[in-house]
>>> print(open('run-v6.cif').read())   # mmCIF, C-alpha atoms
data_data
loop_
_atom_site.label_atom_id
_atom_site.label_comp_id
_atom_site.auth_asym_id
_atom_site.auth_seq_id
_atom_site.Cartn_x
_atom_site.Cartn_y
_atom_site.Cartn_z
CA MET A 243 7.40 -23.96 8.20
CA CYS A 244 5.42 -20.68 8.32
CA ILE A 245 8.55 -18.71 9.17
CA VAL A 246 10.35 -20.21 6.16
CA TYR A 247 7.39 -19.30 3.94
CA VAL A 248 7.41 -15.71 5.25
CA GLN A 249 11.12 -15.41 4.51
CA ASP A 250 10.58 -16.96 1.09
CA LEU A 251 8.09 -14.20 0.19
CA ASN A 252 11.01 -11.75 0.07
CA LYS A 253 12.55 -13.63 -2.86
CA ASP A 254 11.86 -12.19 -6.29
CA ARG A 255 10.80 -15.22 -8.30
CA GLN A 256 10.97 -14.78 -12.07
CA VAL A 257 7.83 -16.49 -13.37
CA GLU A 258 6.83 -16.35 -17.02
CA THR A 259 3.29 -17.49 -17.89
CA SER A 260 1.59 -15.98 -20.90
CA ASP A 261 -1.82 -17.52 -20.19
CA PHE A 262 -2.08 -16.46 -16.52
CA ASN A 263 -5.64 -15.42 -15.66
CA THR A 264 -5.85 -12.89 -12.82
CA GLU A 265 -9.58 -13.42 -12.24
CA SER A 266 -9.25 -17.21 -12.03
CA PHE A 267 -6.34 -16.79 -9.64
CA HIS A 268 -8.46 -14.54 -7.43
CA GLU A 269 -11.23 -17.16 -7.35
CA THR A 270 -8.73 -19.87 -6.42
CA MET A 271 -7.29 -17.79 -3.59
CA VAL A 272 -10.77 -16.96 -2.25
CA ASN A 273 -11.61 -20.66 -2.10
CA LEU A 274 -8.32 -21.49 -0.39
CA GLY A 275 -9.02 -18.70 2.11
CA LYS A 276 -12.35 -20.33 2.97
CA ILE A 277 -10.63 -23.69 3.45
CA LEU A 278 -7.98 -22.13 5.71
CA SER A 279 -10.71 -20.41 7.72
CA HIS A 280 -12.41 -23.77 8.31
CA ASN A 281 -9.03 -25.32 9.12
CA ALA A 282 -8.41 -22.62 11.73
CA THR A 283 -11.76 -23.33 13.38
CA LYS A 284 -11.15 -27.07 13.55
CA PHE A 285 -7.56 -26.54 14.68
CA THR A 286 -8.71 -24.34 17.55
CA LEU A 287 -11.36 -26.87 18.61
CA SER A 288 -8.81 -29.70 18.48
CA CYS A 289 -6.31 -27.81 20.64
CA LYS A 290 -8.51 -26.32 23.33
CA PRO A 291 -8.94 -28.25 26.60
CA PRO A 292 -9.81 -31.06 26.88
CA ARG A 293 -7.74 -31.96 23.86
CA LYS A 294 -6.40 -35.10 22.21
CA ALA A 295 -2.96 -35.02 20.65
CA VAL A 296 -4.06 -37.09 17.67
CA ASP A 297 -6.75 -34.54 16.72
CA ALA A 298 -4.36 -31.60 17.03
CA ILE A 299 -1.70 -33.36 14.94
CA HIS A 300 -4.24 -34.10 12.22
CA MET A 301 -5.39 -30.48 12.04
CA ILE A 302 -1.81 -29.16 12.04
CA SER A 303 -1.28 -31.32 8.96
CA GLU A 304 -4.46 -29.93 7.34
CA VAL A 305 -3.43 -26.31 8.01
CA SER A 306 0.06 -27.07 6.69
CA ASN A 307 -1.33 -28.53 3.45
CA THR A 308 -3.61 -25.53 2.87
CA LEU A 309 -0.78 -23.06 3.46
CA TYR A 310 1.41 -25.06 1.09
CA ARG A 311 -1.23 -24.65 -1.61
CA ILE A 312 -1.71 -20.94 -0.92
CA VAL A 313 2.01 -20.17 -1.07
CA GLY A 314 2.43 -22.46 -4.08
CA PHE A 315 -0.30 -20.69 -6.05
CA TYR A 316 1.08 -17.29 -5.08
CA ASN A 317 4.47 -18.30 -6.46
CA THR A 318 2.87 -18.88 -9.88
CA VAL A 319 1.97 -15.20 -10.30
CA PRO A 320 4.05 -13.69 -13.15
CA THR A 321 4.82 -10.02 -12.55
CA SER A 322 5.12 -9.27 -16.27
CA THR A 323 1.66 -10.66 -17.07
CA ALA A 324 -0.32 -10.02 -13.88
CA GLY A 325 1.35 -6.80 -12.76
CA LYS A 326 3.65 -5.78 -9.93
CA ILE A 327 0.96 -3.97 -7.91
CA TYR A 328 -1.45 -6.92 -8.32
CA LYS A 329 1.19 -9.32 -7.02
CA GLU A 330 2.11 -7.02 -4.12
CA ALA A 331 -1.53 -6.99 -2.97
CA TYR A 332 -1.59 -10.78 -2.73
CA LYS A 333 1.88 -10.90 -1.23
CA ALA A 334 0.75 -8.71 1.68
CA THR A 335 -2.29 -10.92 2.35
CA VAL A 336 -0.34 -14.18 2.11
CA ARG A 337 2.12 -12.77 4.64
CA ASP A 338 -0.76 -11.83 6.95
CA LEU A 339 -2.18 -15.35 6.65
CA LEU A 340 1.15 -16.93 7.56
CA GLN A 341 1.69 -14.60 10.49
CA GLY A 342 -1.88 -15.26 11.61
CA VAL A 343 -1.27 -19.01 11.73
CA ILE A 344 1.99 -18.42 13.62
CA SER A 345 0.13 -16.31 16.17
CA LEU A 346 -2.62 -18.93 16.56
CA CYS A 347 -0.13 -21.76 17.10
CA TYR A 348 1.85 -19.69 19.58
CA SER A 349 -1.30 -19.08 21.66
CA PHE A 350 -1.40 -22.82 22.44
CA MET A 351 2.36 -23.27 22.83
CA ASP A 352 3.14 -20.56 25.38
CA LYS A 353 2.94 -21.92 28.93
CA LYS A 354 2.04 -18.45 30.18
CA ASN A 355 -1.22 -18.76 28.24
CA GLU A 356 -2.34 -22.03 29.84
CA GLU A 357 -4.70 -20.38 32.30
CA GLU A 358 -6.09 -18.02 29.64
CA THR A 359 -6.50 -20.94 27.25
CA ARG A 360 -8.94 -22.50 29.65
CA LYS A 361 -10.87 -19.23 29.61
CA LYS A 362 -10.87 -19.03 25.77
CA VAL A 363 -8.95 -15.75 25.94
CA SER A 364 -5.58 -16.52 24.38
CA TYR A 365 -6.68 -18.51 21.35
CA MET A 366 -9.96 -16.82 20.35
CA VAL A 367 -8.31 -13.50 19.46
CA PRO A 368 -5.79 -14.94 16.93
CA THR A 369 -8.47 -17.31 15.58
CA ALA A 370 -10.83 -14.40 14.89
CA ALA A 371 -7.96 -12.38 13.38
CA LEU A 372 -7.17 -15.25 11.00
CA TRP A 373 -10.85 -15.52 10.03
CA ASP A 374 -10.85 -11.81 9.17
CA THR A 375 -7.71 -12.13 7.03
CA CYS A 376 -9.26 -15.06 5.15
CA LYS A 377 -12.36 -12.96 4.47
CA GLU A 378 -10.22 -10.08 3.19
CA ILE A 379 -9.13 -12.23 0.24
CA ASP A 380 -12.59 -11.53 -1.24
CA THR A 381 -11.64 -7.85 -1.51
CA LEU A 382 -8.33 -8.43 -3.28
CA PRO A 383 -8.05 -7.18 -6.88
CA LYS A 384 -9.02 -9.29 -9.87
CA SER A 385 -6.68 -7.36 -12.18
CA ASN A 386 -3.72 -5.02 -12.06
CA GLN A 387 -6.08 -2.19 -12.95
CA GLU A 388 -8.11 -2.84 -9.78
CA ALA A 389 -4.91 -3.20 -7.76
CA VAL A 390 -3.57 0.16 -8.94
CA LEU A 391 -6.90 1.90 -8.30
CA ALA A 392 -6.92 0.62 -4.72
CA ALA A 393 -3.30 1.64 -4.15
CA TRP A 394 -3.95 4.98 -5.89
CA LYS A 395 -6.69 5.78 -3.37
CA SER A 396 -4.22 5.30 -0.53
CA ILE A 397 -1.45 7.52 -1.92
CA THR A 398 -3.98 10.19 -2.95
CA ALA A 399 -5.17 10.37 0.66
CA THR A 400 -1.55 10.88 1.76
CA LEU A 401 -1.12 13.62 -0.84
CA LYS A 402 -4.28 15.41 0.34
CA ASP A 403 -2.96 15.35 3.92
CA ALA A 404 0.24 17.03 2.70
CA LYS A 405 -1.88 19.57 0.80
CA MET A 406 -3.76 20.49 3.98
CA GLU A 407 -0.52 20.81 5.92
CA VAL A 408 1.27 23.02 3.39
CA HIS A 409 -1.75 25.33 3.07
CA GLU A 410 -1.76 25.82 6.84
CA ILE A 411 1.91 26.74 6.65
CA ALA A 412 1.47 29.07 3.65
CA SER A 413 -1.46 30.85 5.30
CA GLY A 414 0.46 31.36 8.53
CA GLN A 415 -1.84 29.08 10.53
CA ASP A 416 0.92 26.62 11.30
CA ALA A 417 4.32 27.22 12.84
CA SER A 418 7.31 25.09 13.65
CA GLU A 419 7.81 24.45 17.33
CA GLY A 420 11.35 24.52 18.64
CA PHE A 421 12.30 23.56 22.21
CA ASP A 422 14.50 25.92 24.15
CA ASP A 423 16.53 24.29 26.95
CA ASN A 424 16.39 27.51 28.92
CA GLU A 425 12.60 27.67 28.80
CA GLU A 426 9.97 25.37 30.22
CA GLY A 427 7.76 25.60 27.13
CA ASP A 428 8.01 25.59 23.36
CA GLU A 429 8.56 28.64 21.22
CA GLU A 430 7.19 29.16 17.73
CA THR A 431 9.50 29.79 14.80
CA ASP A 432 7.76 31.83 12.10
CA LEU A 433 8.79 31.94 8.44
CA SER A 434 10.40 35.00 6.91
CA GLU A 435 8.62 36.78 4.06
CA GLU A 436 10.84 35.07 1.45
CA GLU A 437 10.35 31.67 3.05
CA LEU A 438 6.61 32.24 3.09
CA GLU A 439 6.66 32.94 -0.65
CA VAL A 440 8.42 29.62 -1.24
CA ALA A 441 5.82 27.89 0.95
CA LYS A 442 3.03 29.44 -1.15
CA GLN A 443 4.69 28.20 -4.35
CA ILE A 444 4.93 24.71 -2.86
CA ALA A 445 1.24 24.89 -1.92
CA LYS A 446 0.35 25.67 -5.55
CA LEU A 447 2.49 22.79 -6.78
CA VAL A 448 0.85 20.36 -4.35
CA ASP A 449 -2.59 21.62 -5.45
CA MET A 450 -1.62 20.87 -9.02
CA ALA A 451 -0.28 17.44 -8.06
CA VAL A 452 -3.61 16.54 -6.43
CA PHE A 453 -5.49 17.69 -9.53
CA VAL A 454 -3.20 15.72 -11.86
CA MET A 455 -3.51 12.59 -9.73
CA GLN A 456 -7.30 12.82 -9.77
CA LYS A 457 -7.33 13.34 -13.53
CA ILE A 458 -5.10 10.32 -14.15
CA GLU A 459 -7.10 8.10 -11.81
CA ARG A 460 -10.39 8.94 -13.50
CA ARG A 461 -9.55 9.48 -17.17
CA CYS A 462 -6.55 7.21 -17.71
CA ILE A 463 -7.27 4.29 -15.36
CA ARG A 464 -10.84 4.00 -14.08
CA GLU A 465 -12.61 4.91 -17.34
CA ALA A 466 -10.18 3.02 -19.59
CA GLU A 467 -11.46 -0.21 -21.13
CA PHE A 468 -7.92 -1.57 -21.22
CA CYS A 469 -4.71 -0.52 -19.45
CA PRO A 470 -1.34 -2.11 -20.31
CA VAL A 471 0.01 -3.97 -17.26
CA GLN A 472 3.48 -2.45 -17.50
CA TRP A 473 2.12 1.09 -17.90
CA LEU A 474 -0.05 0.66 -14.80
CA ASP A 475 2.99 -0.39 -12.77
CA GLU A 476 5.06 2.49 -14.12
CA ILE A 477 2.43 5.20 -13.62
CA TYR A 478 1.84 4.02 -10.05
CA THR A 479 5.59 4.04 -9.35
CA CYS A 480 5.86 7.60 -10.69
CA ALA A 481 2.85 8.70 -8.64
CA ARG A 482 4.19 6.99 -5.52
CA ASN A 483 7.52 8.81 -5.97
CA LEU A 484 5.69 12.13 -6.36
CA VAL A 485 3.76 11.58 -3.14
CA ASP A 486 6.96 10.63 -1.29
CA GLU A 487 8.67 13.75 -2.64
CA THR A 488 5.69 15.84 -1.53
CA ASP A 489 6.05 14.59 2.03
CA VAL A 490 9.76 15.37 2.02
CA LEU A 491 9.32 18.82 0.44
CA VAL A 492 6.62 19.94 2.88
CA SER A 493 8.59 18.67 5.89
CA GLN A 494 11.68 20.63 4.76
CA ILE A 495 9.97 24.04 4.74
CA TYR A 496 11.05 24.84 8.30
CA ASP A 497 14.31 22.89 8.22
CA GLU A 498 16.08 24.25 5.13
CA ASP A 499 17.15 27.72 3.99
CA VAL A 500 15.47 29.54 1.11
CA MET A 501 18.09 28.72 -1.53
CA THR A 502 18.00 25.03 -0.69
CA MET A 503 14.20 25.01 -0.82
CA LYS A 504 14.19 26.68 -4.23
CA GLU A 505 16.43 23.92 -5.55
CA GLU A 506 14.14 21.32 -3.99
CA VAL A 507 11.16 22.96 -5.68
CA LYS A 508 12.89 22.57 -9.06
CA LYS A 509 13.40 18.87 -8.37
CA TYR A 510 9.76 18.54 -7.37
CA ILE A 511 8.63 20.15 -10.62
CA GLU A 512 10.69 17.63 -12.60
CA CYS A 513 9.18 14.78 -10.58
CA SER A 514 5.70 16.17 -11.32
CA LYS A 515 6.48 16.39 -15.03
CA GLU A 516 7.51 12.72 -15.06
CA VAL A 517 4.05 11.75 -13.86
CA VAL A 518 2.41 13.86 -16.58
CA LYS A 519 4.69 12.43 -19.28
CA MET A 520 3.86 8.90 -18.16
CA ALA A 521 0.13 9.72 -18.16
CA LYS A 522 0.35 10.97 -21.76
CA GLN A 523 1.47 7.51 -22.89
CA HIS A 524 -1.98 6.12 -22.15
CA THR A 525 -4.36 9.07 -22.35
CA PRO A 526 -7.53 9.19 -24.46
CA GLU A 527 -7.21 11.61 -27.38
CA GLU A 528 -9.76 14.02 -25.90
CA HIS A 529 -7.67 14.45 -22.73
CA LEU A 530 -4.22 14.54 -24.29
CA GLU A 531 -4.32 18.32 -24.80
CA TRP A 532 -5.06 18.87 -21.11
CA PHE A 533 -1.95 16.94 -20.05
CA SER A 534 0.13 18.81 -22.65
CA MET A 535 -1.06 22.13 -21.22
CA CYS A 536 -0.23 20.84 -17.75
CA GLU A 537 3.28 19.93 -18.88
CA ASN A 538 3.75 23.40 -20.40
CA LYS A 539 2.63 24.98 -17.14
CA TYR A 540 5.30 23.06 -15.26
CA ASP A 541 7.90 24.19 -17.82
CA ALA A 542 6.89 27.80 -17.22
CA MET A 543 7.40 27.57 -13.45
#
>>> encode(input="run-v6.cif", output="structure tokens")
Amino acid sequence: MCIVYVQDLNKDRQVETSDFNTESFHETMVNLGKILSHNATKFTLSCKPPRKAVDAIHMISEVSNTLYRIVGFYNTVPTSTAGKIYKEAYKATVRDLLQGVISLCYSFMDKKNEEETRKKVSYMVPTAALWDTCKEIDTLPKSNQEAVLAAWKSITATLKDAKMEVHEIASGQDASEGFDDNEEGDEETDLSEEELEVAKQIAKLVDMAVFVMQKIERRCIREAEFCPVQWLDEIYTCARNLVDETDVLVSQIYDEDVMTMKEEVKKYIECSKEVVKMAKQHTPEEHLEWFSMCENKYDAM
């Protein structure tokens, strides 16, 4: 059953509900998480030695019913109303819950675990892991705005890591290591003067990307009283693409020739501009000029 539910999560269900309430849904899922946590405790107690089959069967039925409700409620989330990022956050947790139950059941089914079961080793670890996942539901977003802010924090951290890496390269503190079959050790491959100039330009672009991302997060999302659901999904998608492109661009510095890197830089600038253009669609009047200046700066590069 759990495996079927996990596979079913990959299906893109088209749900349309105009009156869907994201906060009420969060409250419902939190309560179901508490029920599942209690179910897991009782299930573990019913299955550990000495155990009675009738008790275990009853608790398997209880766990099954709770999971049915959790998956059923998840399938009522409309992407258009609640938001894609909001739904993805719950999708990840529902998958973790299902996999947690699978792991717990397996700890009692595997004959290799019989001796450890008597010692409370095999089943206590997955039980505790499932408890933790149930508690994590409390931290899930109550709106798409909260979901995007949480996801934004993650991709910003990735972007800042890339910023640190490219500055090390541009300052000459980092070097690619190539392995020579004729040598026992590694040899460093330094950048040429022209390649170093391209690396410095990339470093400036990544600096600007970090600044733009911080500005959008604070002025356009966190401080906004209302953010359109579709815009939130689109701005996050644009930002996610920019971060992915940053990773690729920085990793190519040592692998590609100068001409190729210059073309990649042009593509990166266009990707950066897309984020700025998307931000301008939902920017307070007092910050609109800043994003326009930012867009002009990209055009001048």
>>> resolve_selection(input="run-v6.cif", expression="the PyMOL selection byres ((chain A and resi 411) around 12)", output="MDAnalysis selection string")
chainID A and resid 404:410 412:418 431:434 437:445 492:496
>>> residues_around(input="run-v6.cif", residues="stretch 263-266 of chain A", least_positions_apart="5", cutoff="12 Å", atoms="only C-alpha atoms", output="NGL selection string")
:A and (271-273 or 315-316 or 318-321 or 323-325 or 328-329 or 332 or 380 or 382-389 or 471)
>>> write_last_selection(input="run-v6.cif", atoms="C-alpha atoms", output="mmCIF file, in the coordinates of the input")
data_model
loop_
_atom_site.group_PDB
_atom_site.id
_atom_site.type_symbol
_atom_site.label_atom_id
_atom_site.label_comp_id
_atom_site.auth_asym_id
_atom_site.auth_seq_id
_atom_site.Cartn_x
_atom_site.Cartn_y
_atom_site.Cartn_z
ATOM 1 C CA MET A 271 -7.290 -17.790 -3.590
ATOM 2 C CA VAL A 272 -10.770 -16.960 -2.250
ATOM 3 C CA ASN A 273 -11.610 -20.660 -2.100
ATOM 4 C CA PHE A 315 -0.300 -20.690 -6.050
ATOM 5 C CA TYR A 316 1.080 -17.290 -5.080
ATOM 6 C CA THR A 318 2.870 -18.880 -9.880
ATOM 7 C CA VAL A 319 1.970 -15.200 -10.300
ATOM 8 C CA PRO A 320 4.050 -13.690 -13.150
ATOM 9 C CA THR A 321 4.820 -10.020 -12.550
ATOM 10 C CA THR A 323 1.660 -10.660 -17.070
ATOM 11 C CA ALA A 324 -0.320 -10.020 -13.880
ATOM 12 C CA GLY A 325 1.350 -6.800 -12.760
ATOM 13 C CA TYR A 328 -1.450 -6.920 -8.320
ATOM 14 C CA LYS A 329 1.190 -9.320 -7.020
ATOM 15 C CA TYR A 332 -1.590 -10.780 -2.730
ATOM 16 C CA ASP A 380 -12.590 -11.530 -1.240
ATOM 17 C CA LEU A 382 -8.330 -8.430 -3.280
ATOM 18 C CA PRO A 383 -8.050 -7.180 -6.880
ATOM 19 C CA LYS A 384 -9.020 -9.290 -9.870
ATOM 20 C CA SER A 385 -6.680 -7.360 -12.180
ATOM 21 C CA ASN A 386 -3.720 -5.020 -12.060
ATOM 22 C CA GLN A 387 -6.080 -2.190 -12.950
ATOM 23 C CA GLU A 388 -8.110 -2.840 -9.780
ATOM 24 C CA ALA A 389 -4.910 -3.200 -7.760
ATOM 25 C CA VAL A 471 0.010 -3.970 -17.260
#
>>> resolve_selection(input="run-v6.cif", expression="the PyMOL selection byres ((chain A and resi 288) around 12)", output="PyMOL selection string")
chain A and resi 281-287+289-302+304+347+350+365
>>> write_last_selection(input="run-v6.cif", atoms="C-alpha atoms", output="PDB file, keeping the file's coordinate frame")
ATOM      1  CA  ASN A 281      -9.030 -25.320   9.120  1.00  0.00           C
ATOM      2  CA  ALA A 282      -8.410 -22.620  11.730  1.00  0.00           C
ATOM      3  CA  THR A 283     -11.760 -23.330  13.380  1.00  0.00           C
ATOM      4  CA  LYS A 284     -11.150 -27.070  13.550  1.00  0.00           C
ATOM      5  CA  PHE A 285      -7.560 -26.540  14.680  1.00  0.00           C
ATOM      6  CA  THR A 286      -8.710 -24.340  17.550  1.00  0.00           C
ATOM      7  CA  LEU A 287     -11.360 -26.870  18.610  1.00  0.00           C
ATOM      8  CA  CYS A 289      -6.310 -27.810  20.640  1.00  0.00           C
ATOM      9  CA  LYS A 290      -8.510 -26.320  23.330  1.00  0.00           C
ATOM     10  CA  PRO A 291      -8.940 -28.250  26.600  1.00  0.00           C
ATOM     11  CA  PRO A 292      -9.810 -31.060  26.880  1.00  0.00           C
ATOM     12  CA  ARG A 293      -7.740 -31.960  23.860  1.00  0.00           C
ATOM     13  CA  LYS A 294      -6.400 -35.100  22.210  1.00  0.00           C
ATOM     14  CA  ALA A 295      -2.960 -35.020  20.650  1.00  0.00           C
ATOM     15  CA  VAL A 296      -4.060 -37.090  17.670  1.00  0.00           C
ATOM     16  CA  ASP A 297      -6.750 -34.540  16.720  1.00  0.00           C
ATOM     17  CA  ALA A 298      -4.360 -31.600  17.030  1.00  0.00           C
ATOM     18  CA  ILE A 299      -1.700 -33.360  14.940  1.00  0.00           C
ATOM     19  CA  HIS A 300      -4.240 -34.100  12.220  1.00  0.00           C
ATOM     20  CA  MET A 301      -5.390 -30.480  12.040  1.00  0.00           C
ATOM     21  CA  ILE A 302      -1.810 -29.160  12.040  1.00  0.00           C
ATOM     22  CA  GLU A 304      -4.460 -29.930   7.340  1.00  0.00           C
ATOM     23  CA  CYS A 347      -0.130 -21.760  17.100  1.00  0.00           C
ATOM     24  CA  PHE A 350      -1.400 -22.820  22.440  1.00  0.00           C
ATOM     25  CA  TYR A 365      -6.680 -18.510  21.350  1.00  0.00           C
TER      26      TYR A 365
END
>>> resolve_selection(input="run-v6.cif", expression="the PyMOL selection byres ((chain A and resi 339) around 9)", output="PDB file with C-alpha atoms, keeping the file's coordinate frame")
ATOM      1  CA  GLY A 275      -9.020 -18.700   2.110  1.00  0.00           C
ATOM      2  CA  LEU A 278      -7.980 -22.130   5.710  1.00  0.00           C
ATOM      3  CA  LEU A 309      -0.780 -23.060   3.460  1.00  0.00           C
ATOM      4  CA  ALA A 334       0.750  -8.710   1.680  1.00  0.00           C
ATOM      5  CA  THR A 335      -2.290 -10.920   2.350  1.00  0.00           C
ATOM      6  CA  VAL A 336      -0.340 -14.180   2.110  1.00  0.00           C
ATOM      7  CA  ARG A 337       2.120 -12.770   4.640  1.00  0.00           C
ATOM      8  CA  ASP A 338      -0.760 -11.830   6.950  1.00  0.00           C
ATOM      9  CA  LEU A 340       1.150 -16.930   7.560  1.00  0.00           C
ATOM     10  CA  GLN A 341       1.690 -14.600  10.490  1.00  0.00           C
ATOM     11  CA  GLY A 342      -1.880 -15.260  11.610  1.00  0.00           C
ATOM     12  CA  VAL A 343      -1.270 -19.010  11.730  1.00  0.00           C
ATOM     13  CA  ILE A 344       1.990 -18.420  13.620  1.00  0.00           C
ATOM     14  CA  LEU A 372      -7.170 -15.250  11.000  1.00  0.00           C
ATOM     15  CA  THR A 375      -7.710 -12.130   7.030  1.00  0.00           C
ATOM     16  CA  CYS A 376      -9.260 -15.060   5.150  1.00  0.00           C
TER      17      CYS A 376
END
>>> atom_distance(input="run-v6.cif", atom1="atom CA of A:Glu467", atom2="atom CA of A:Val390")
14.5 Å
>>> atom_distance(input="run-v6.cif", atom1="atom CA of A:Phe262", atom2="atom CA of A:Gln472")
15.1 Å
>>> residues_around(input="run-v6.cif", residues="A:Leu447", least_positions_apart="5", cutoff="9 Å", atoms="all atoms listed in the file", output="number ranges by chain")
A: 442, 452, 507, 510-511, 514, 540
>>> decode(input="run-v6.cif", residues="stretch 459-474 of chain A", atoms="N, CA and C atoms", output="short mmCIF file (atom, residue, chain, number, x, y, z; two decimals), in the first residue's frame")
data_model
loop_
_atom_site.label_atom_id
_atom_site.label_comp_id
_atom_site.auth_asym_id
_atom_site.auth_seq_id
_atom_site.Cartn_x
_atom_site.Cartn_y
_atom_site.Cartn_z
N GLU A 459 14.02 38.86 -1.96
CA GLU A 459 13.53 38.14 -0.78
C GLU A 459 12.95 39.10 0.26
N ARG A 460 13.66 40.20 0.48
CA ARG A 460 13.24 41.13 1.53
C ARG A 460 12.12 42.07 1.06
N ARG A 461 12.35 42.76 -0.05
CA ARG A 461 11.41 43.80 -0.48
C ARG A 461 10.16 43.28 -1.19
N CYS A 462 10.34 42.23 -1.99
CA CYS A 462 9.22 41.76 -2.82
C CYS A 462 8.42 40.62 -2.19
N ILE A 463 9.04 39.87 -1.29
CA ILE A 463 8.35 38.70 -0.72
C ILE A 463 8.08 38.87 0.78
N ARG A 464 9.14 38.98 1.57
CA ARG A 464 8.98 39.00 3.03
C ARG A 464 8.16 40.19 3.52
N GLU A 465 8.42 41.38 2.97
CA GLU A 465 7.75 42.58 3.45
C GLU A 465 6.41 42.84 2.75
N ALA A 466 6.08 42.05 1.77
CA ALA A 466 4.83 42.24 1.03
C ALA A 466 3.64 41.74 1.83
N GLU A 467 2.58 42.51 1.86
CA GLU A 467 1.36 42.08 2.56
C GLU A 467 0.65 40.98 1.79
N PHE A 468 0.77 41.04 0.47
CA PHE A 468 0.15 40.01 -0.37
C PHE A 468 1.04 39.73 -1.58
N CYS A 469 1.22 38.45 -1.88
CA CYS A 469 1.99 38.04 -3.07
C CYS A 469 1.13 37.09 -3.89
N PRO A 470 0.90 37.38 -5.16
CA PRO A 470 0.13 36.46 -6.02
C PRO A 470 0.79 35.08 -6.05
N VAL A 471 -0.03 34.05 -5.93
CA VAL A 471 0.48 32.67 -5.88
C VAL A 471 1.30 32.33 -7.12
N GLN A 472 0.78 32.67 -8.29
CA GLN A 472 1.47 32.33 -9.53
C GLN A 472 2.80 33.08 -9.64
N TRP A 473 2.82 34.35 -9.24
CA TRP A 473 4.06 35.12 -9.30
C TRP A 473 5.12 34.50 -8.38
N LEU A 474 4.72 34.08 -7.20
CA LEU A 474 5.66 33.45 -6.27
C LEU A 474 6.29 32.21 -6.89
#
